[in-house]
$ cat entry-v6.cif   # mmCIF, C-alpha atoms
data_work
loop_
_atom_site.label_atom_id
_atom_site.label_comp_id
_atom_site.auth_asym_id
_atom_site.auth_seq_id
_atom_site.Cartn_x
_atom_site.Cartn_y
_atom_site.Cartn_z
CA MET A 16 8.29 -4.20 2.62
CA THR A 17 4.95 -5.35 4.05
CA LYS A 18 6.10 -4.39 7.54
CA ILE A 19 6.95 -0.87 6.34
CA LEU A 20 3.58 -0.44 4.65
CA LEU A 21 1.70 -1.71 7.71
CA THR A 22 3.69 0.68 9.89
CA LEU A 23 2.79 3.60 7.61
CA PHE A 24 -0.86 2.61 7.60
CA SER A 25 -0.95 2.29 11.40
CA LEU A 26 0.86 5.59 11.86
CA ALA A 27 -1.59 7.35 9.58
CA LEU A 28 -4.55 5.90 11.46
CA VAL A 29 -3.22 7.09 14.79
CA LEU A 30 -1.59 10.42 13.89
CA GLY A 31 -3.10 11.42 10.62
CA GLN A 32 -6.76 11.99 11.37
CA THR A 33 -7.90 15.45 10.36
CA ASN A 34 -10.72 17.74 11.41
CA GLY A 35 -12.16 18.01 7.90
CA ASN A 36 -13.99 15.53 5.71
CA ILE A 37 -10.80 13.74 4.66
CA GLN A 38 -9.81 10.83 6.89
CA CYS A 39 -6.34 9.41 6.41
CA GLY A 40 -7.08 5.78 7.09
CA ILE A 41 -10.16 5.77 4.86
CA ASP A 42 -9.70 8.39 2.15
CA VAL A 43 -5.95 8.68 1.61
CA ILE A 44 -3.71 5.82 2.77
CA PRO A 45 -5.63 3.00 1.03
CA LYS A 46 -5.31 4.87 -2.28
CA VAL A 47 -1.52 5.16 -2.03
CA MET A 48 -0.53 1.92 -0.29
CA SER A 49 0.42 0.47 -3.67
CA CYS A 50 2.95 3.31 -4.19
CA GLY A 51 5.20 1.91 -1.46
CA GLY A 52 7.17 -0.38 -3.75
CA PHE A 53 8.19 2.64 -5.82
CA ILE A 54 8.81 5.37 -3.22
CA LEU A 55 10.09 3.09 -0.45
CA GLY A 56 11.55 0.22 -2.40
CA ASP A 57 13.21 -0.74 -5.62
CA ASP A 58 10.28 -0.89 -8.04
CA PRO A 59 11.41 0.83 -11.25
CA LYS A 60 8.03 2.47 -11.82
CA PRO A 61 4.80 3.06 -9.88
CA SER A 62 2.05 0.49 -10.26
CA GLN A 63 -1.16 1.23 -12.13
CA ALA A 64 -3.04 1.10 -8.80
CA CYS A 65 -0.67 3.72 -7.37
CA CYS A 66 -1.27 6.06 -10.31
CA VAL A 67 -5.04 5.62 -10.20
CA GLY A 68 -5.03 6.33 -6.46
CA LEU A 69 -2.92 9.47 -6.88
CA GLN A 70 -5.08 10.70 -9.76
CA ASP A 71 -8.16 10.22 -7.59
CA LEU A 72 -6.55 12.11 -4.71
CA ALA A 73 -5.57 14.93 -7.08
CA LYS A 74 -9.22 15.25 -8.12
CA THR A 75 -10.28 15.33 -4.47
CA ALA A 76 -7.57 17.88 -3.66
CA ALA A 77 -8.75 20.11 -6.50
CA ALA A 78 -12.14 20.45 -4.82
CA SER A 79 -11.02 22.70 -1.97
CA GLN A 80 -8.07 24.11 -0.09
CA THR A 81 -9.28 22.34 3.04
CA ASP A 82 -9.15 18.98 1.25
CA ARG A 83 -5.63 19.73 -0.07
CA LYS A 84 -4.46 20.66 3.41
CA ASP A 85 -6.03 17.56 4.98
CA ILE A 86 -4.45 15.27 2.36
CA CYS A 87 -1.10 17.00 2.91
CA LEU A 88 -1.37 16.42 6.67
CA CYS A 89 -2.11 12.73 6.05
CA PHE A 90 0.95 12.35 3.84
CA LYS A 91 3.11 14.29 6.29
CA ALA A 92 2.12 12.00 9.17
CA ALA A 93 2.56 8.85 7.09
CA MET A 94 5.98 9.89 5.79
CA GLN A 95 7.48 10.70 9.19
CA GLY A 96 10.04 8.08 10.03
CA ALA A 97 9.67 6.33 6.68
CA LYS A 98 12.62 6.09 4.33
CA VAL A 99 10.85 7.75 1.43
CA LYS A 100 12.95 8.16 -1.69
CA TYR A 101 11.93 11.74 -2.44
CA ASP A 102 13.79 11.78 -5.74
CA LYS A 103 11.39 9.03 -6.87
CA ALA A 104 8.35 10.61 -5.18
CA LYS A 105 8.95 13.81 -7.17
CA GLN A 106 8.64 11.77 -10.39
CA LEU A 107 5.11 10.60 -9.55
CA PRO A 108 3.19 13.55 -11.08
CA ASP A 109 4.87 13.00 -14.45
CA LEU A 110 4.79 9.20 -14.33
CA CYS A 111 1.16 9.06 -13.17
CA HIS A 112 -0.13 12.08 -15.09
CA PHE A 113 -1.61 14.22 -12.32
CA THR A 114 -1.14 17.77 -11.10
CA PRO A 115 0.74 17.82 -7.78
CA PHE A 116 -1.39 19.19 -4.96
CA MET A 117 1.34 19.47 -2.33
CA PRO A 118 5.13 19.64 -2.12
CA LEU A 119 6.69 16.19 -2.45
CA GLU A 120 9.44 16.77 0.08
CA PRO A 121 10.33 15.85 3.66
CA ASN A 122 8.24 17.75 6.21
CA PRO A 123 6.00 19.74 3.82
CA ASP A 124 4.43 22.92 5.21
CA CYS A 125 0.76 22.03 4.83
CA SER A 126 -0.35 25.48 5.98
CA LYS A 127 1.00 26.86 2.69
CA VAL A 128 -0.84 24.44 0.41
CA ILE A 129 -3.04 26.63 -1.76
#

$ encode --input "entry-v6.cif" --output "structure tokens"
Amino acid sequence: MTKILLTLFSLALVLGQTNGNIQCGIDVIPKVMSCGGFILGDDPKPSQACCVGLQDLAKTAAASQTDRKDICLCFKAAMQGAKVKYDKAKQLPDLCHFTPFMPLEPNPDCSKVI
């Protein structure tokens, strides 16, 4: 599990940098690293740290369309090649009590994030 999370973090640092104010390796990935046990593994529920990180990102995403798009691009880069359990990822907004700011699906179209 640690190897998968480190791979995701490294991938996001290399591929996921954006042109806006949001930086994947600083602003996004550290906030969701603790979600890996749930969306990549067998944890039955997301951790408190995962939910707090997602709630914080949802607040950031609510600030502007540019921020939502940048966060989406970070997630898209981090999820490529990972064995994300999207059925579990889609449960996160309800389990963590936040408004989804992007589609929780493989290969989301970040240009359509409003």

$ closest_residue --input "entry-v6.cif" --among "A:Thr114, A:Gln95, A:Asn122, A:Gln38" --to "Asp71 (chain A)" --atoms "all atoms listed in the file"
A:Thr114

$ residues_around --input "entry-v6.cif" --residues "Ser79 (chain A)" --least-positions-apart "4" --cutoff "12 Å" --atoms "all atoms listed in the file" --output "list of chain:residue names"
A:Gly35, A:Asn36, A:Ile37, A:Leu72, A:Ala73, A:Lys74, A:Thr75, A:Arg83, A:Lys84, A:Asp85, A:Ile86, A:Phe116, A:Val128, A:Ile129

$ resolve_selection --input "entry-v6.cif" --expression "the PyMOL selection byres ((chain A and resi 44-57) around 7)" --output "list of chain:residue names"
A:Leu20, A:Phe24, A:Cys39, A:Gly40, A:Ile41, A:Asp42, A:Val43, A:Asp58, A:Pro59, A:Lys60, A:Pro61, A:Ser62, A:Ala64, A:Cys65, A:Gly68, A:Leu69, A:Lys98, A:Val99, A:Lys100, A:Lys103, A:Ala104

$ atom_distance --input "entry-v6.cif" --atom1 "CA of Met94 (chain A)" --atom2 "CA of Leu119 (chain A)"
10.4 Å

$ atom_distance --input "entry-v6.cif" --atom1 "CA of Cys111 (chain A)" --atom2 "CA of Val67 (chain A)"
7.7 Å

$ closest_residue --input "entry-v6.cif" --among "A:Ala92, A:Ala77, A:Cys87, A:Ala97" --to "Met117 (chain A)" --atoms "only C-alpha atoms"
A:Cys87

$ closest_residue --input "entry-v6.cif" --among "A:Asp124, A:His112, A:Phe90, A:Pro118" --to "Gln70 (chain A)" --atoms "all atoms listed in the file"
A:His112

$ atom_distance --input "entry-v6.cif" --atom1 "CA of Phe113 (chain A)" --atom2 "CA of Gln80 (chain A)"
17.0 Å
